[in-house]
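Student: Below is the file target_16.cif, with mmCIF, C-alpha atoms.
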data_upload
loop_
_atom_site.label_atom_id
_atom_site.label_comp_id
_atom_site.auth_asym_id
_atom_site.auth_seq_id
_atom_site.Cartn_x
_atom_site.Cartn_y
_atom_site.Cartn_z
CA MET A 954 92.24 66.86 94.89
CA ARG A 955 93.78 70.15 95.85
CA ARG A 956 93.08 72.88 93.34
CA PRO A 957 96.15 74.44 91.77
CA VAL A 958 96.05 78.15 92.56
CA LYS A 959 98.37 80.45 90.70
CA PHE A 960 98.74 83.83 92.36
CA ARG A 961 99.44 86.96 90.44
CA SER A 962 99.53 89.51 93.16
CA LEU A 963 101.49 92.45 94.39
CA LEU A 964 104.05 92.28 97.14
CA VAL A 965 103.66 95.90 98.13
CA SER A 966 99.98 95.47 98.79
CA VAL A 967 100.72 92.37 100.79
CA ALA A 968 103.39 93.93 102.90
CA LEU A 969 101.67 97.24 103.50
CA LEU A 970 98.17 95.96 104.03
CA GLY A 971 99.15 92.83 105.88
CA ALA A 972 101.67 94.38 108.21
CA ALA A 973 99.83 97.60 108.89
CA ALA A 974 96.32 96.37 109.35
CA GLY A 975 97.03 92.90 110.65
CA CYS A 976 95.12 91.50 107.68
CA ALA A 977 95.46 88.23 105.87
CA THR A 978 98.26 88.06 103.32
CA VAL A 979 97.41 88.29 99.64
CA GLY A 980 98.03 84.55 99.39
CA GLU A 981 95.41 83.90 102.07
CA GLN A 982 93.05 86.42 100.49
CA ALA A 983 93.46 84.71 97.09
CA GLU A 984 92.76 81.33 98.66
CA ALA A 985 89.62 82.72 100.33
CA ALA A 986 88.43 84.41 97.11
CA SER A 987 88.91 81.31 94.98
CA GLY A 988 87.11 79.28 97.66
CA ILE A 989 84.05 81.57 97.46
CA ALA A 990 84.07 81.49 93.63
CA VAL A 991 84.19 77.70 93.51
CA ARG A 992 81.57 77.45 96.26
CA LEU A 993 79.15 79.65 94.31
CA LEU A 994 79.41 77.46 91.23
CA ALA A 995 79.19 74.30 93.35
CA VAL A 996 76.00 75.32 95.19
CA VAL A 997 74.39 76.47 91.94
CA ASP A 998 75.33 73.13 90.40
CA ALA A 999 73.72 71.43 93.42
CA GLY A 1000 70.55 73.51 92.93
CA ASP A 1001 70.93 75.37 96.22
CA GLY A 1002 69.87 78.89 95.23
CA GLU A 1003 69.64 80.12 98.84
CA ALA A 1004 73.28 79.28 99.48
CA ALA A 1005 74.32 80.83 96.17
CA CYS A 1006 72.53 84.12 96.88
CA ALA A 1007 74.20 84.32 100.31
CA LEU A 1008 77.53 84.58 98.49
CA LEU A 1009 76.53 87.56 96.28
CA ALA A 1010 77.43 91.20 96.90
CA PRO A 1011 74.35 93.31 97.82
CA ALA A 1012 74.18 95.19 94.50
CA THR A 1013 74.54 91.94 92.55
CA LEU A 1014 71.87 90.29 94.69
CA ARG A 1015 69.44 93.18 93.98
CA THR A 1016 69.98 92.93 90.23
CA VAL A 1017 69.60 89.14 90.14
CA ALA A 1018 66.41 89.39 92.21
CA GLU A 1019 64.81 92.13 90.07
CA ASP A 1020 62.18 89.94 88.41
CA GLU A 1021 61.94 86.88 90.65
CA PRO A 1022 63.35 85.76 93.98
CA CYS A 1023 67.13 85.41 93.92
CA PRO A 1024 67.22 81.68 94.84
CA GLN A 1025 65.26 80.86 91.70
CA ALA A 1026 66.80 83.51 89.44
CA ILE A 1027 70.41 82.56 90.18
CA LEU A 1028 69.75 78.97 89.09
CA GLU A 1029 68.56 80.23 85.70
CA LYS A 1030 71.72 82.18 84.91
CA SER A 1031 73.45 79.30 83.10
CA LEU A 1032 76.51 79.38 85.34
CA PRO A 1033 79.00 76.63 84.45
CA ARG A 1034 79.85 73.69 86.72
CA PRO A 1035 82.70 74.38 89.16
CA GLY A 1036 86.01 73.70 87.44
CA THR A 1037 89.67 74.02 88.27
CA VAL A 1038 91.01 77.36 89.46
CA VAL A 1039 93.56 78.50 86.91
CA GLU A 1040 94.58 81.85 88.36
CA THR A 1041 93.59 84.18 91.19
CA SER A 1042 94.48 87.87 91.27
CA VAL A 1043 93.97 90.06 94.33
CA TYR A 1044 94.40 93.83 94.17
CA GLY A 1045 93.17 95.92 97.08
CA GLN A 1046 89.42 95.54 97.46
CA TRP A 1047 89.01 93.35 94.37
CA ALA A 1048 89.76 89.80 93.31
CA GLN A 1049 89.42 87.91 90.06
CA VAL A 1050 89.24 84.12 89.97
CA LYS A 1051 89.77 82.45 86.61
CA LEU A 1052 88.49 78.91 86.35
CA ASP A 1053 88.78 76.73 83.29
CA ASP A 1054 85.14 77.44 82.35
CA ASP A 1055 84.36 80.75 84.04
CA THR A 1056 85.76 83.97 85.45
CA VAL A 1057 84.40 85.37 88.73
CA PHE A 1058 84.96 88.89 90.15
CA LEU A 1059 84.74 89.43 93.90
CA GLY A 1060 84.72 92.45 96.18
CA ALA A 1061 85.94 92.78 99.78
CA PHE A 1062 83.22 93.14 102.43
CA PRO A 1063 83.45 93.22 106.22
CA GLY A 1064 82.48 89.54 106.38
CA GLY A 1065 84.86 88.48 103.63
CA TRP A 1066 84.73 88.17 99.85
CA ARG A 1067 81.40 88.41 98.05
CA VAL A 1068 80.75 87.65 94.39
CA VAL A 1069 80.22 90.83 92.36
CA ALA A 1070 80.08 89.15 88.95
CA ALA A 1071 80.10 85.56 87.72
CA GLY A 1072 79.57 83.70 84.47
CA CYS A 1073 81.97 86.13 82.84
CA THR A 1074 83.51 85.65 79.42
CA PRO A 1075 86.28 87.86 78.04
CA GLN A 1076 85.58 90.34 75.26
CA ALA A 1077 88.52 91.61 73.19
CA SER A 1078 89.72 94.94 74.71
CA ARG A 1079 86.40 95.36 76.53
CA PRO A 1080 85.08 94.45 79.96
CA TYR A 1081 84.05 90.83 80.53
CA ASP A 1082 80.48 89.98 79.64
CA CYS A 1083 78.88 88.52 82.80
CA SER A 1084 75.60 86.64 83.19
CA VAL A 1085 75.47 87.55 86.90
CA GLU A 1086 76.42 91.09 87.96
CA GLY A 1087 75.11 94.25 89.61
CA ASP A 1088 74.03 97.42 87.84
CA MET B 444 114.82 127.25 116.54
CA ARG B 445 114.95 130.26 114.22
CA GLU B 446 118.19 128.96 112.77
CA ASN B 447 116.45 125.72 111.70
CA SER B 448 113.10 127.23 110.83
CA ILE B 449 113.20 126.40 107.10
CA GLY B 450 113.49 122.65 107.74
CA LEU B 451 111.10 122.70 110.68
CA VAL B 452 108.35 124.75 109.03
CA PHE B 453 108.46 122.95 105.72
CA GLY B 454 108.62 119.55 107.49
CA LEU B 455 105.56 120.45 109.56
CA LEU B 456 103.66 121.80 106.55
CA PHE B 457 104.54 118.58 104.68
CA LEU B 458 102.95 116.46 107.42
CA ILE B 459 99.83 118.62 107.61
CA VAL B 460 99.36 118.57 103.84
CA LEU B 461 100.02 114.81 103.64
CA VAL B 462 97.28 114.18 106.21
CA GLY B 463 94.99 116.51 104.23
CA GLN B 464 95.77 114.59 101.05
CA ALA B 465 95.00 111.32 102.86
CA TYR B 466 91.53 112.52 103.94
CA ALA B 467 90.71 113.98 100.52
CA GLY B 468 91.98 110.83 98.81
CA LEU B 469 89.95 108.65 101.19
CA ALA B 470 86.79 110.54 100.20
CA VAL B 471 87.52 110.03 96.48
CA PHE B 472 88.39 106.36 97.03
CA ASN B 473 85.17 105.72 98.97
CA GLU B 474 83.08 107.44 96.29
CA ALA B 475 84.50 104.93 93.82
CA GLN B 476 83.86 102.09 96.30
CA ARG B 477 80.20 103.10 96.64
CA ALA B 478 79.84 103.48 92.86
CA SER B 479 81.07 99.88 92.52
CA GLY B 480 78.68 98.65 95.21
CA LEU B 481 81.47 98.01 97.74
CA PRO B 482 81.59 99.30 101.33
CA ASP B 483 83.69 102.28 102.43
CA VAL B 484 87.19 101.56 103.66
CA ALA B 485 88.63 102.94 106.89
CA PHE B 486 91.28 105.68 106.99
CA TRP B 487 94.08 103.30 107.96
CA ARG B 488 93.16 100.87 105.19
CA TYR B 489 93.27 103.70 102.65
CA VAL B 490 96.64 105.13 103.70
CA THR B 491 98.18 101.67 103.33
CA SER B 492 96.59 101.15 99.91
CA ALA B 493 98.26 101.18 96.52
CA SER B 494 95.97 104.03 95.50
CA PHE B 495 97.34 106.36 98.18
CA GLY B 496 100.87 105.05 97.60
CA VAL B 497 100.92 105.87 93.90
CA ASP B 498 99.43 109.33 94.47
CA VAL B 499 102.18 110.12 96.98
CA ALA B 500 105.06 108.52 95.11
CA GLU B 501 104.32 110.10 91.73
CA ASN B 502 104.65 113.56 93.28
CA TRP B 503 107.74 112.68 95.28
CA GLN B 504 109.63 111.30 92.30
CA SER B 505 109.02 114.40 90.23
CA GLU B 506 110.10 116.74 93.04
CA TYR B 507 113.34 114.84 93.59
CA LEU B 508 113.94 114.65 89.84
CA GLN B 509 113.52 118.43 89.71
CA PHE B 510 116.10 118.96 92.45
CA PHE B 511 118.45 116.33 91.00
CA LEU B 512 118.40 117.96 87.56
CA PHE B 513 118.65 121.46 88.98
CA ILE B 514 121.60 120.54 91.20
CA VAL B 515 123.52 118.62 88.53
CA LEU B 516 122.77 120.63 85.40
CA THR B 517 123.52 123.99 87.03
CA VAL B 518 127.14 122.81 87.29
CA TRP B 519 127.32 123.62 83.57
CA LEU B 520 124.16 125.59 82.70
CA LEU B 521 124.03 129.34 83.37
CA GLN B 522 121.36 132.03 83.27
CA ARG B 523 122.50 135.61 82.89
CA GLY B 524 120.96 137.82 85.58
CA SER B 525 119.46 134.95 87.58
CA PRO B 526 120.18 134.32 91.26
CA GLU B 527 119.59 130.62 90.47
CA SER B 528 122.74 130.61 88.30
CA LYS B 529 126.33 130.84 89.42
CA SER B 530 128.67 133.46 88.01
CA LEU B 531 128.96 133.39 84.23
CA HIS B 532 132.73 132.84 84.33
CA LYS B 533 132.51 129.68 86.45
CA PRO B 534 130.81 126.99 84.32
CA GLY B 535 131.79 123.40 85.09
CA ARG B 536 133.06 121.64 88.20
CA GLU B 537 135.54 124.42 89.10
CA THR B 538 139.03 123.94 90.54
CA ASP B 539 139.90 122.11 93.76
CA GLU B 540 140.99 125.46 95.17
CA GLU B 541 137.63 127.08 94.43
CA GLN B 542 135.86 124.07 95.90
CA LYS B 543 138.17 123.81 98.96
CA ILE B 544 139.06 120.20 98.21
CA GLY B 545 142.07 118.20 99.50
CA PRO B 546 145.03 120.48 100.22
CA TYR B 547 142.79 123.53 99.76
CA ALA B 548 140.40 122.47 102.51
CA ASP B 549 140.27 124.81 105.49
CA GLU B 550 140.05 123.91 109.16
CA LYS B 551 136.23 123.88 109.09
CA SER B 552 135.90 121.78 105.91
CA PRO B 553 134.17 118.39 106.32
CA GLU B 554 136.65 115.53 106.69
CA TRP B 555 135.58 113.85 103.45
CA ALA B 556 136.39 117.05 101.53
CA ARG B 557 139.91 116.95 102.96
CA VAL B 558 140.90 113.27 102.75
CA GLY B 559 140.92 112.82 98.94
CA GLY B 560 140.32 109.52 97.10
CA TRP B 561 136.91 107.90 96.72
CA ARG B 562 135.50 109.50 99.83
CA THR B 563 136.07 113.00 98.48
CA SER B 564 134.70 111.96 95.07
CA VAL B 565 131.54 110.61 96.69
CA PHE B 566 131.17 113.59 99.01
CA ALA B 567 131.74 116.02 96.13
CA ASN B 568 128.70 114.55 94.37
CA SER B 569 126.67 113.47 97.38
CA LEU B 570 123.84 115.98 97.05
CA GLY B 571 123.09 115.03 93.45
CA LEU B 572 123.59 111.32 94.21
CA VAL B 573 121.16 111.26 97.11
CA MET B 574 118.54 113.32 95.27
CA GLY B 575 118.95 111.05 92.23
CA LEU B 576 118.62 107.89 94.33
CA ILE B 577 115.51 109.19 96.11
CA PHE B 578 114.08 110.04 92.68
CA LEU B 579 114.75 106.52 91.36
CA GLY B 580 113.37 104.92 94.54
CA SER B 581 110.21 107.04 94.42
CA TRP B 582 109.74 106.34 90.71
CA LEU B 583 110.10 102.61 91.33
CA ALA B 584 107.62 102.89 94.23
CA GLN B 585 105.24 104.76 91.89
CA SER B 586 105.44 101.92 89.37
CA VAL B 587 104.87 99.20 91.98
CA ALA B 588 102.01 100.98 93.74
CA GLY B 589 100.73 102.19 90.37
CA VAL B 590 100.32 98.74 88.87
CA ALA B 591 98.42 97.59 91.97
CA ALA B 592 96.13 100.63 91.93
CA PHE B 593 95.64 100.29 88.17
CA ASN B 594 94.80 96.60 88.49
CA GLU B 595 92.35 97.31 91.31
CA GLU B 596 90.56 99.64 88.91
CA GLN B 597 90.80 97.07 86.11
CA LEU B 598 89.10 94.44 88.26
CA SER B 599 86.41 96.89 89.36
CA GLU B 600 85.64 97.41 85.67
CA ARG B 601 85.62 93.64 84.94
CA GLN B 602 88.87 93.74 83.03
CA ASP B 603 92.05 91.67 83.33
CA PRO B 604 94.97 92.92 85.44
CA VAL B 605 98.29 93.71 83.75
CA SER B 606 101.86 92.79 84.70
CA TRP B 607 104.39 95.32 86.05
CA GLY B 608 106.21 95.21 82.70
CA GLN B 609 103.03 95.98 80.76
CA TYR B 610 102.18 98.73 83.22
CA VAL B 611 105.49 100.61 83.00
CA LEU B 612 105.21 100.60 79.20
CA GLY B 613 101.57 101.70 79.35
CA ALA B 614 99.68 104.96 79.23
CA ASP B 615 98.68 105.23 82.92
CA PHE B 616 102.28 105.11 84.17
CA TRP B 617 103.54 107.66 81.64
CA ASN B 618 100.53 109.92 82.04
CA ARG B 619 101.13 110.09 85.79
CA THR B 620 104.88 110.52 85.28
CA LEU B 621 104.94 113.14 82.53
CA GLN B 622 102.19 115.33 83.97
CA ASN B 623 104.36 115.74 87.06
CA TRP B 624 107.62 116.21 85.17
CA GLN B 625 106.27 118.97 82.95
CA SER B 626 105.09 121.05 85.91
CA GLU B 627 108.42 120.70 87.72
CA LEU B 628 110.42 121.70 84.67
CA LEU B 629 108.15 124.69 84.06
CA ALA B 630 108.59 125.77 87.69
CA VAL B 631 112.39 125.64 87.43
CA ALA B 632 112.52 127.47 84.11
CA SER B 633 110.11 130.19 85.26
CA MET B 634 111.89 130.66 88.59
CA ALA B 635 115.28 131.00 86.88
CA ILE B 636 113.94 133.56 84.42
CA LEU B 637 111.46 135.53 86.55
CA ALA B 638 114.12 136.02 89.23
CA ILE B 639 116.16 138.02 86.71
CA PHE B 640 113.58 140.81 86.62
CA LEU B 641 111.52 140.37 89.79
CA ARG B 642 112.56 140.69 93.45
CA GLN B 643 111.38 139.46 96.84
CA ARG B 644 112.88 141.67 99.48
CA GLY B 645 114.80 139.67 102.07
CA SER B 646 114.43 136.28 100.36
CA SER B 647 117.44 134.00 99.89
CA GLN B 648 115.97 133.08 96.54
CA SER B 649 115.94 136.64 95.21
CA LYS B 650 118.58 139.19 94.36
CA PRO B 651 118.59 142.29 96.60
CA VAL B 652 115.87 144.66 95.44
CA GLY B 653 118.36 147.19 94.10
CA SER B 654 120.57 144.70 92.25
CA ALA B 655 120.92 145.17 88.51
CA HIS B 656 118.95 142.84 86.26
CA GLU B 657 122.29 141.73 84.75
CA ALA B 658 123.79 140.74 88.15
CA THR B 659 124.21 136.95 88.05
CA GLY B 660 124.67 134.53 90.93
CA VAL B 661 123.80 137.12 93.56
CA GLU B 662 121.40 136.14 96.35
CA GLY B 663 119.81 138.43 98.89
#
Give the structure from this file in structure tokens form.
Tutor:
Amino acid sequence: MRRPVKFRSLLVSVALLGAAAGCATVGEQAEAASGIAVRLLAVVDAGDGEAACALLAPATLRTVAEDEPCPQAILEKSLPRPGTVVETSVYGQWAQVKLDDDTVFLGAFPGGWRVVAAGCTPQASRPYDCSVEGD
Amino acid sequence: MRENSIGLVFGLLFLIVLVGQAYAGLAVFNEAQRASGLPDVAFWRYVTSASFGVDVAENWQSEYLQFFLFIVLTVWLLQRGSPESKSLHKPGRETDEEQKIGPYADEKSPEWARVGGWRTSVFANSLGLVMGLIFLGSWLAQSVAGVAAFNEEQLSERQDPVSWGQYVLGADFWNRTLQNWQSELLAVASMAILAIFLRQRGSSQSKPVGSAHEATGVEG
């Protein structure tokens, strides 16, 4: 089943960035970001720590791997099973993917989106509390 | 060349300073990128970003607001002794004869000053209209680029993005807006008043050095 993806994004960023730099549109970027977020949760759910760690941003990977190898540590972070994408927001170098059971933050890297924080739950008027994130 | 040197020199300085702003802004942006664990962005990526856009637009809108207000309000507002004010006995829009409109136009008057009707009405207010429209366009651009830049920062701090409506009613938009407005209004007020008592020999913005402090509407 195709995941419903609701985009809340900014036309100016799309037009300027897309036209000027020959980049993907914000719609395509949102699709790519939500794909990475769902993939992370899916490979963790499948017990594939190696694949999960390959999706993390470098700083996040270092933090996760502080006490034990990342492929083991990431599986112990109590990330939820992959759910339905509710909303994806892309602004500049950052993306946020809201799923029905999780919120994932991603950053733009030369090779594409990487997960900066996952397992995030909202806190009233404060930053999300995330089980996986960098320092 | 000399006869167009004000436009040429200021246009050139504008471009040089804009490029300087872009490089300085890129350095600040990339510091924030590194602090968030993200890679540096290239120059071209930065100058097409919302962050650069809002920094440029917020200054443009305030400059054009300054000129719009100065142009329109000085139809009625006066300042005794200031070269920025017109003569004290001429407040208001003045007569068609004083403004060389319609039948009072001379052979060198622009056609739209001579023809009457809507074209003369538009032309008679065209400077204020264009400045006002550029102000509104820049302010709108500030809000659109501003919400994107603000939301980029929100996401980098693991917080939810806001809508355009929330942004234009929020603190970031008004902080950026009002800090620019206050400086422009101060500059106008201080120029109008300081030029009563101070002189810059040879400048079109100053009274002649020997003019009386009370002389109003006189430019060098």
Student: Considering only C-alpha atoms, can you say which of B:Tyr547, B:Phe472, B:Tyr507, B:Tyr466 comes closest to chain A?
Tutor: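 Answer, going by the shortest atom-to-atom distance: B:Phe472.
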Student: For the file shown, report as a PyMOL selection string the outcome of the PyMOL selection byres ((chain A and resi 986) around 8) at residue level.
Tutor: chain A and resi 982-985+987-990+1041+1048-1050+1059+1066
Student: Please save C-alpha atoms of the selected residues as a CSV table (one decimal), in the frame of the given file.
Tutor:
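What ended up in selection-v1.csv:
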chain,number,residue,atom,x,y,z
A,982,GLN,CA,93.0,86.4,100.5
A,983,ALA,CA,93.5,84.7,97.1
A,984,GLU,CA,92.8,81.3,98.7
A,985,ALA,CA,89.6,82.7,100.3
A,987,SER,CA,88.9,81.3,95.0
A,988,GLY,CA,87.1,79.3,97.7
A,989,ILE,CA,84.0,81.6,97.5
A,990,ALA,CA,84.1,81.5,93.6
A,1041,THR,CA,93.6,84.2,91.2
A,1048,ALA,CA,89.8,89.8,93.3
A,1049,GLN,CA,89.4,87.9,90.1
A,1050,VAL,CA,89.2,84.1,90.0
A,1059,LEU,CA,84.7,89.4,93.9
A,1066,TRP,CA,84.7,88.2,99.8
Student: Is there a way to get, as a VMD selection string, all residues within 12 Å of the point (135.6, 114.7, 103.0) in file coordinates, counting only C-alpha atoms?
Tutor: chain B and resid 542 to 569
Student: Please list as a list in words every residue within 12 Å of Glu600 (chain B), counting only C-alpha atoms and excluding residues in the same chain fewer than 4 positions away.
Tutor: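 My list of contacting residues is Trp1047, Ala1048, Gln1049, Phe1058, Leu1059, Gly1060, Val1069, Ala1070, Ser1078, Arg1079, Pro1080, Tyr1081, Asp1082, Cys1083, Glu1086, Gly1087 and Asp1088 of chain A; Ala475, Gln476, Ala478, Ser479, Gly480, Phe593, Asn594, Glu595, Glu596 and Pro604 of chain B.
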Student: For the file shown, report as an mmCIF file with C-alpha atoms, in the frame of the given file the outcome of the PyMOL selection byres ((chain B and resi 468) around 12) at residue level.
Tutor:
data_model
loop_
_atom_site.group_PDB
_atom_site.id
_atom_site.type_symbol
_atom_site.label_atom_id
_atom_site.label_comp_id
_atom_site.auth_asym_id
_atom_site.auth_seq_id
_atom_site.Cartn_x
_atom_site.Cartn_y
_atom_site.Cartn_z
ATOM 1 C CA VAL B 460 99.360 118.570 103.840
ATOM 2 C CA LEU B 461 100.020 114.810 103.640
ATOM 3 C CA VAL B 462 97.280 114.180 106.210
ATOM 4 C CA GLY B 463 94.990 116.510 104.230
ATOM 5 C CA GLN B 464 95.770 114.590 101.050
ATOM 6 C CA ALA B 465 95.000 111.320 102.860
ATOM 7 C CA TYR B 466 91.530 112.520 103.940
ATOM 8 C CA ALA B 467 90.710 113.980 100.520
ATOM 9 C CA LEU B 469 89.950 108.650 101.190
ATOM 10 C CA ALA B 470 86.790 110.540 100.200
ATOM 11 C CA VAL B 471 87.520 110.030 96.480
ATOM 12 C CA PHE B 472 88.390 106.360 97.030
ATOM 13 C CA ASN B 473 85.170 105.720 98.970
ATOM 14 C CA GLU B 474 83.080 107.440 96.290
ATOM 15 C CA ALA B 475 84.500 104.930 93.820
ATOM 16 C CA VAL B 484 87.190 101.560 103.660
ATOM 17 C CA ALA B 485 88.630 102.940 106.890
ATOM 18 C CA PHE B 486 91.280 105.680 106.990
ATOM 19 C CA ARG B 488 93.160 100.870 105.190
ATOM 20 C CA TYR B 489 93.270 103.700 102.650
ATOM 21 C CA VAL B 490 96.640 105.130 103.700
ATOM 22 C CA THR B 491 98.180 101.670 103.330
ATOM 23 C CA SER B 492 96.590 101.150 99.910
ATOM 24 C CA ALA B 493 98.260 101.180 96.520
ATOM 25 C CA SER B 494 95.970 104.030 95.500
ATOM 26 C CA PHE B 495 97.340 106.360 98.180
ATOM 27 C CA GLY B 496 100.870 105.050 97.600
ATOM 28 C CA VAL B 497 100.920 105.870 93.900
ATOM 29 C CA ASP B 498 99.430 109.330 94.470
ATOM 30 C CA VAL B 499 102.180 110.120 96.980
#
Student: As an exercise, work out the distance from CA of Val1068 (chain A) to CA of Pro1011 (chain A) in Å and give it to one decimal place.
Tutor: 9.2 Å
Student: Between B:Met444, B:Ile514, B:Leu456, B:Leu583, which one has atoms that come closest to chain A, using only C-alpha atoms?
Tutor: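 That would be B:Leu583, the residue with the smallest distance to chain A.
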Student: One decimal, Å: what's the distance from CA of Ala1012 (chain A) over to CA of Arg1034 (chain A), could you say?
Tutor: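 About the pair CA of Ala1012 (chain A) and CA of Arg1034 (chain A): they are 23.6 Å apart.
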Student: Write out as a PDB file with C-alpha atoms, in the frame of the given file which residues come within 8 Å of region 517-533 of chain B when counting all atoms listed in the file, dropping same-chain ones fewer than 5 positions away.
Tutor:
ATOM      1  CA  LEU B 512     118.400 117.960  87.560  1.00  0.00           C
ATOM      2  CA  MET B 634     111.890 130.660  88.590  1.00  0.00           C
ATOM      3  CA  ALA B 635     115.280 131.000  86.880  1.00  0.00           C
ATOM      4  CA  ILE B 636     113.940 133.560  84.420  1.00  0.00           C
ATOM      5  CA  ALA B 638     114.120 136.020  89.230  1.00  0.00           C
ATOM      6  CA  ILE B 639     116.160 138.020  86.710  1.00  0.00           C
ATOM      7  CA  GLN B 648     115.970 133.080  96.540  1.00  0.00           C
ATOM      8  CA  SER B 649     115.940 136.640  95.210  1.00  0.00           C
ATOM      9  CA  LYS B 650     118.580 139.190  94.360  1.00  0.00           C
ATOM     10  CA  ALA B 655     120.920 145.170  88.510  1.00  0.00           C
ATOM     11  CA  HIS B 656     118.950 142.840  86.260  1.00  0.00           C
ATOM     12  CA  GLU B 657     122.290 141.730  84.750  1.00  0.00           C
ATOM     13  CA  ALA B 658     123.790 140.740  88.150  1.00  0.00           C
ATOM     14  CA  THR B 659     124.210 136.950  88.050  1.00  0.00           C
ATOM     15  CA  GLY B 660     124.670 134.530  90.930  1.00  0.00           C
ATOM     16  CA  VAL B 661     123.800 137.120  93.560  1.00  0.00           C
ATOM     17  CA  GLU B 662     121.400 136.140  96.350  1.00  0.00           C
TER      18      GLU B 662
END
Student: Expressed in Å to a single decimal, how great is the separation between CA of Val1085 (chain A) and CA of Ala591 (chain B)?
Tutor: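 Those two atoms sit 25.6 Å apart.
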Student: Have a look at A:Thr978, A:Ser1042, A:Ser1031, A:Ser1084 and name the one nearest to chain B; count all atoms listed in the file.
Tutor: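 Looking at the shortest contact to chain B, the residue is A:Ser1042.
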